[in-house]
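K.L.:
Starting off with a structure, shown below.
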Amino acid sequence: MDGGIWNFGDVLDAVGGALGEDQPALIHGNRIISWPEMTARSNRMARALIERGAVPGDKVGFYIRNQPEYMEGFAAAVKARLTHVNVNYRYLDDELVYIFDNSDSVAVFYDAEFRGNVERVRERLPKVKTWIEVGGGADTPNFAESYETLATTGDAAPLSMDRSGDDLMFLYTGGTTGMPKGVMWPHGTWRDSSLDALRRIYGAAPENMEEHLAFVDEVGRHGRQLPACPLMHGTGLFTALGAFLNGGAIVTMENSHKFDPAALWATVEKNGVTAMAIVGDAFAKPMLNVLEETPGKYDLSSVQSITSSGVMWSMEVKRGLIKHMPQVALNDSFGASEAVGFGMSVTTAEGVSETAKFEIGQHCKVFSEDGREIAPGSDEPGFIARGGAVPLGYYKDEKKTAETFKTIDGVRYAVPGDWCTVAEDGTLTLHGRGSICINSGGEKIYPEEVEEALKEHVAVRDALVVGVPDDKWGQAVTGIVELSDGEATDEDTLRAFVRTKLAPYKAPKRVVFMDDLKRAPNGKADYKGVKAFALKELGIEG
């Protein structure tokens, strides 16, 4: 199949022309934007960007929270053949300057909430010619323009442009070391990788635009996707983009400043949400707690699937959610910003998968550090690699591109650095990123496995595990634990508990307690920060 036909702008033009006023595209509280309205607004915004000097291939920064303007602005960018650049809204001055400068952004959508930050850094960013403020209203500052004004004035007709499946979308990822890197995804490549998921679910996927529009009419337009995690991270953006391209509605939470599981369930009920994106237990545990505390309060019969990616999603929490939604399929996706489809674990009422076990993706293999393919069933750990539809590499970083995107036996793979073992039946057991693997007494210990064991204790809300310098062990396994409200336990109890779950050598040598592990909005762990905390608590020099 020719992946070049799948330009996001062309797809959104076709879908927008096929759906009527009764079909919502974007839902935010009581605000509902229909597909025809979203199409007109994004067409106007695309023209506005071009009129202000943007040309095909230019970059547009998205410095906004989850709201309709994120996906609408995305539609405008791709229709104008411009490249999306995600910006972590927690960034401060130097981080903002880095990402806008590194990405060569010429225009930026930013939240009025972040106006002060923009005012401080804009003089350091001469490449940014257009600042567009979302939600500012009449008091939009002189250096910026009002998003709403641009979206509601001007020509709303489709743009007359020849687009390409080679047009790019950037996804900046912090990774585990160094400054964020922009993963370069051609539209056609990303679409091909997402069609693999449709083939797995439905047995087939659209091969051309006519078939795609038939799929939209039969299936896609009925979807209501709620990204509970930030759209500025891969899990939220990729799941929302899949639903958006298929003609569904994207439902965003009114207050995305802090995750509110009760408000989430109320939004699900109000809007008949069919699918959600979360990030592991960091989201799923609080969601389950609300359901356990208020059983039957919410009508969740519309929910067909919940997808998680990026961190551990424990078996116990999955079982708990299914108890309240017996119809739901829980999709634990093993992927990365650099590739999707490494593996999938689907849990339903009929079957519950083990934590961290995945069915290997169609285009994936496991390799040793020297490029030798790992034999299934050997129990030898190796790196997961994804061939087929993978990105071009990292923007302006040939060295890191060469380290992550490798050609092995004539095939180009994405190898982000995730360790796993592969069973004889092809099942993967994920052990975590190699960069955080702990070498203790000659044994390789994967933090996520120990974290999962710690989190099974009733008193533990969350846990992270790092290695700290140790004269005897080289690195000592150390747990950093956040306790649930009203719960109490001690170090010895938790260490003994882990020894009932794992081989004794994997149990933490020390456990320290932290009020808040300060995970990122997408649930990702700050291993550097918690390690520094542990070193200080234990009086160890790093």
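As shown in the structure tokens, the chain order sets the letters A, B, ...; within each chain, residues go from 1, and ligands are also counted from 1 in the order they appear.
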Any idea what's packed within 10 Å of Leu502 (chain A), counting only C-alpha atoms, ignoring anything in its chain fewer than 6 positions away? Could you give it as a ChimeraX atom specification?

P.N.:
/A:449-450,453

K.L.:
Excluding same-chain residues fewer than 5 positions from Ile445 (chain A), what lies within 9 Å of it counting only C-alpha atoms, as a PyMOL selection string?

P.N.:
chain A and resi 431+437-440+450+477+505-506

K.L.:
How would you write, as JSON, numbers by chain, the set of residues in region 398-493 of chain A that DSSP gives as strand (DSSP E)?

P.N.:
{"A": [405, 406, 407, 408, 411, 412, 413, 414, 418, 419, 420, 421, 422, 427, 428, 429, 430, 431, 432, 433, 438, 439, 440, 443, 444, 445, 460, 461, 462, 463, 464, 465, 466, 467, 468, 469, 470, 474, 475, 476, 477, 478, 479, 480, 481, 482, 483]}

K.L.:
Output as a Markdown table one row per residue of region 201-273 of chain A within 12 Å of region 30-37 of chain A: the closest atom pair and its distance in Å to one decimal place, counting only C-alpha atoms, sorted by chain and residue number ascending.

P.N.:
```
| residue | atom | partner | partner_atom | distance |
| --- | --- | --- | --- | --- |
| A:Arg221 | CA | A:Trp35 | CA | 10.1 |
| A:Phe244 | CA | A:Trp35 | CA | 10.1 |
| A:Leu245 | CA | A:Trp35 | CA | 11.5 |
| A:Asn246 | CA | A:Trp35 | CA | 11.8 |
| A:Gly247 | CA | A:Trp35 | CA | 8.2 |
| A:Gly248 | CA | A:Trp35 | CA | 9.2 |
| A:Ala249 | CA | A:Trp35 | CA | 8.6 |
| A:Ile250 | CA | A:Ile33 | CA | 10.0 |
| A:Val251 | CA | A:Ile32 | CA | 9.3 |
| A:Thr252 | CA | A:Arg31 | CA | 10.3 |
| A:Met253 | CA | A:Asn30 | CA | 10.7 |
| A:Glu254 | CA | A:Asn30 | CA | 9.2 |
| A:Thr267 | CA | A:Asn30 | CA | 10.5 |
| A:Lys270 | CA | A:Asn30 | CA | 10.0 |
| A:Asn271 | CA | A:Asn30 | CA | 9.9 |
```

K.L.:
For the atom pair CA of Val219 (chain A) and CA of Ser42 (chain A), what is the interatomic distance in Å to one decimal place?

P.N.:
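Straight-line distance from CA of Val219 (chain A) to CA of Ser42 (chain A) works out to 23.8 Å.
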
K.L.:
Residues of region 226-470 of chain A classed as alpha helix (DSSP H) by DSSP on the backbone are to be reported as a ChimeraX atom specification.

P.N.:
/A:234-245,261-271,280-293,315-324,398-404,447-455

K.L.:
If you count only C-alpha atoms, which residues fall within 8 Å of Lys127 (chain A), apart from same-chain ones fewer than 6 positions away, as a PyMOL selection string?

P.N.:
chain A and resi 101+104-106

K.L.:
Store the residues picked out above in a file with C-alpha atoms, as a short mmCIF file (atom, residue, chain, number, x, y, z; two decimals), in the first residue's frame.

P.N.:
```cif
data_model
loop_
_atom_site.label_atom_id
_atom_site.label_comp_id
_atom_site.auth_asym_id
_atom_site.auth_seq_id
_atom_site.Cartn_x
_atom_site.Cartn_y
_atom_site.Cartn_z
CA ASP A 101 14.65 27.44 19.03
CA ASP A 104 12.81 26.32 14.44
CA SER A 105 9.21 27.25 15.26
CA VAL A 106 7.95 30.26 13.26
#
```

K.L.:
Find the residues near Gly116 (chain A): any atom within 12 Å, counting only C-alpha atoms, skip ones fewer than 5 places away on the same chain, and give them as a PDB file with C-alpha atoms, in the first residue's frame.

P.N.:
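After the write, part.pdb holds the following:
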```pdb
ATOM      1  CA  LEU A  92       9.992  27.453  32.232  1.00  0.00           C
ATOM      2  CA  ASP A  93      12.038  30.106  30.472  1.00  0.00           C
ATOM      3  CA  TYR A 110      -0.066  29.527  23.531  1.00  0.00           C
ATOM      4  CA  ASP A 111      -2.579  29.587  26.386  1.00  0.00           C
ATOM      5  CA  VAL A 121      11.132  34.721  26.492  1.00  0.00           C
ATOM      6  CA  ARG A 122       9.813  36.082  23.193  1.00  0.00           C
ATOM      7  CA  GLU A 133      -3.055  33.485  22.129  1.00  0.00           C
ATOM      8  CA  THR A 140      -4.701  39.930  23.943  1.00  0.00           C
ATOM      9  CA  PRO A 141      -1.285  41.671  24.133  1.00  0.00           C
TER      10      PRO A 141
END
```

K.L.:
Rank A:Pro416, A:Ala14, A:Asp192, A:Asp299 by their smallest atom-to-atom distance to Glu210 (chain A), using only C-alpha atoms, and report the top residue only.

P.N.:
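For Glu210 (chain A), the nearest of the given residues is A:Ala14.
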
K.L.:
For the atom pair CA of Tyr147 (chain A) and CA of Ile278 (chain A), what is the interatomic distance in Å to one decimal place?

P.N.:
28.4 Å

K.L.:
Excluding same-chain residues fewer than 4 positions from Val390 (chain A), what lies within 9 Å of it counting only C-alpha atoms, as a list in words?

P.N.:
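The residues satisfying every condition are Trp185, Pro186, Thr189, Trp190, Ser193, Glu338, Ala339, Val340, Arg386, Phe405, Arg412, Tyr413 and Ala414 of chain A.
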
K.L.:
Just write the chosen residues, N, CA and C atoms, as a compact mmCIF listing (two decimals), in the first residue's frame.

P.N.:
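result_11.txt, written as the output of this step:
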```txt
# COMPACT_ATOMS: atom_id res chain seq x y z
N TRP A 185 8.01 12.34 12.49
CA TRP A 185 7.05 11.36 11.98
C TRP A 185 6.45 11.86 10.66
N PRO A 186 6.74 11.23 9.52
CA PRO A 186 5.98 11.53 8.31
C PRO A 186 4.52 11.09 8.50
N THR A 189 3.81 7.53 7.36
CA THR A 189 4.42 6.52 8.21
C THR A 189 3.60 6.31 9.47
N TRP A 190 3.21 7.43 10.14
CA TRP A 190 2.41 7.30 11.35
C TRP A 190 1.06 6.65 11.03
N SER A 193 1.38 2.92 10.63
CA SER A 193 1.53 2.23 11.91
C SER A 193 0.20 2.15 12.65
N GLU A 338 9.34 7.08 19.68
CA GLU A 338 10.11 6.72 18.49
C GLU A 338 9.48 5.61 17.66
N ALA A 339 8.44 4.97 18.18
CA ALA A 339 7.76 3.90 17.44
C ALA A 339 6.54 3.47 18.22
N VAL A 340 5.55 2.98 17.50
CA VAL A 340 4.37 2.42 18.15
C VAL A 340 4.23 0.97 17.72
N ARG A 386 11.54 -2.21 16.54
CA ARG A 386 10.38 -2.16 15.68
C ARG A 386 10.81 -1.78 14.27
N PHE A 405 17.95 4.58 15.85
CA PHE A 405 17.39 4.01 14.62
C PHE A 405 18.51 3.26 13.90
N ARG A 412 15.76 -1.48 8.76
CA ARG A 412 15.85 -0.34 9.66
C ARG A 412 14.86 -0.49 10.80
N TYR A 413 15.37 -0.36 12.03
CA TYR A 413 14.55 -0.53 13.23
C TYR A 413 14.63 0.71 14.11
N ALA A 414 13.57 0.93 14.89
CA ALA A 414 13.61 1.87 16.01
C ALA A 414 13.90 1.06 17.27
```

K.L.:
For Val15 (chain A), which residue among A:Phe62, A:Tyr202, A:Phe109, A:Phe215 is the nearest when counting only C-alpha atoms?

P.N.:
A:Phe215

K.L.:
One number please: CA of Leu12 (chain A) to CA of Thr130 (chain A), in Å, one decimal.

P.N.:
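Atom-to-atom, CA of Leu12 (chain A) and CA of Thr130 (chain A) are spaced 24.1 Å apart.
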
K.L.:
Of the candidates A:Gly73, A:Gly382, A:Pro521, A:Gly220, which one gets nearest to Asp418 (chain A) if we count only C-alpha atoms?

P.N.:
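Closest to Asp418 (chain A) of all the choices is A:Gly382.
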
K.L.:
For region 384-457 of chain A against region 163-170 of chain A, with a cut-off of 12 Å and counting only C-alpha atoms, what is the closest atom pair and its distance in Å to one decimal for every residue that makes the cut, ordered by chain and number, as JSON lines?

P.N.:
```
{"residue": "A:Pro391", "atom": "CA", "partner": "A:Leu168", "partner_atom": "CA", "distance": 9.6}
{"residue": "A:Leu392", "atom": "CA", "partner": "A:Leu168", "partner_atom": "CA", "distance": 9.5}
{"residue": "A:Gly393", "atom": "CA", "partner": "A:Phe170", "partner_atom": "CA", "distance": 10.2}
{"residue": "A:Tyr394", "atom": "CA", "partner": "A:Phe170", "partner_atom": "CA", "distance": 9.0}
{"residue": "A:Tyr395", "atom": "CA", "partner": "A:Phe170", "partner_atom": "CA", "distance": 8.3}
{"residue": "A:Lys396", "atom": "CA", "partner": "A:Phe170", "partner_atom": "CA", "distance": 11.9}
```

K.L.:
So which residues touch Leu483 (chain A) within 8 Å, counting only C-alpha atoms, skipping near sequence neighbours fewer than 4 positions away, as a ChimeraX atom specification?

P.N.:
/A:459-462,487-488,513-515

K.L.:
Please provide as a PDB file with N, CA and C atoms, in the first residue's frame all residues within 8 Å of Arg495 (chain A), with the sequence filter that same-chain residues fewer than 5 positions apart are discarded (counting only C-alpha atoms).

P.N.:
```
ATOM      1  N   ALA A 507      14.837  -7.458  46.093  1.00  0.00           N
ATOM      2  CA  ALA A 507      14.181  -6.621  47.107  1.00  0.00           C
ATOM      3  C   ALA A 507      15.045  -5.406  47.432  1.00  0.00           C
ATOM      4  N   PRO A 508      14.415  -4.282  47.727  1.00  0.00           N
ATOM      5  CA  PRO A 508      15.195  -3.089  48.069  1.00  0.00           C
ATOM      6  C   PRO A 508      16.081  -3.304  49.287  1.00  0.00           C
ATOM      7  N   LYS A 509      17.292  -2.791  49.192  1.00  0.00           N
ATOM      8  CA  LYS A 509      18.173  -2.780  50.357  1.00  0.00           C
ATOM      9  C   LYS A 509      17.746  -1.679  51.322  1.00  0.00           C
ATOM     10  N   ARG A 510      17.190  -0.601  50.766  1.00  0.00           N
ATOM     11  CA  ARG A 510      16.675   0.499  51.578  1.00  0.00           C
ATOM     12  C   ARG A 510      15.363   1.004  50.962  1.00  0.00           C
ATOM     13  N   VAL A 511      14.520   1.557  51.821  1.00  0.00           N
ATOM     14  CA  VAL A 511      13.281   2.207  51.384  1.00  0.00           C
ATOM     15  C   VAL A 511      13.195   3.558  52.078  1.00  0.00           C
TER      16      VAL A 511
END
```
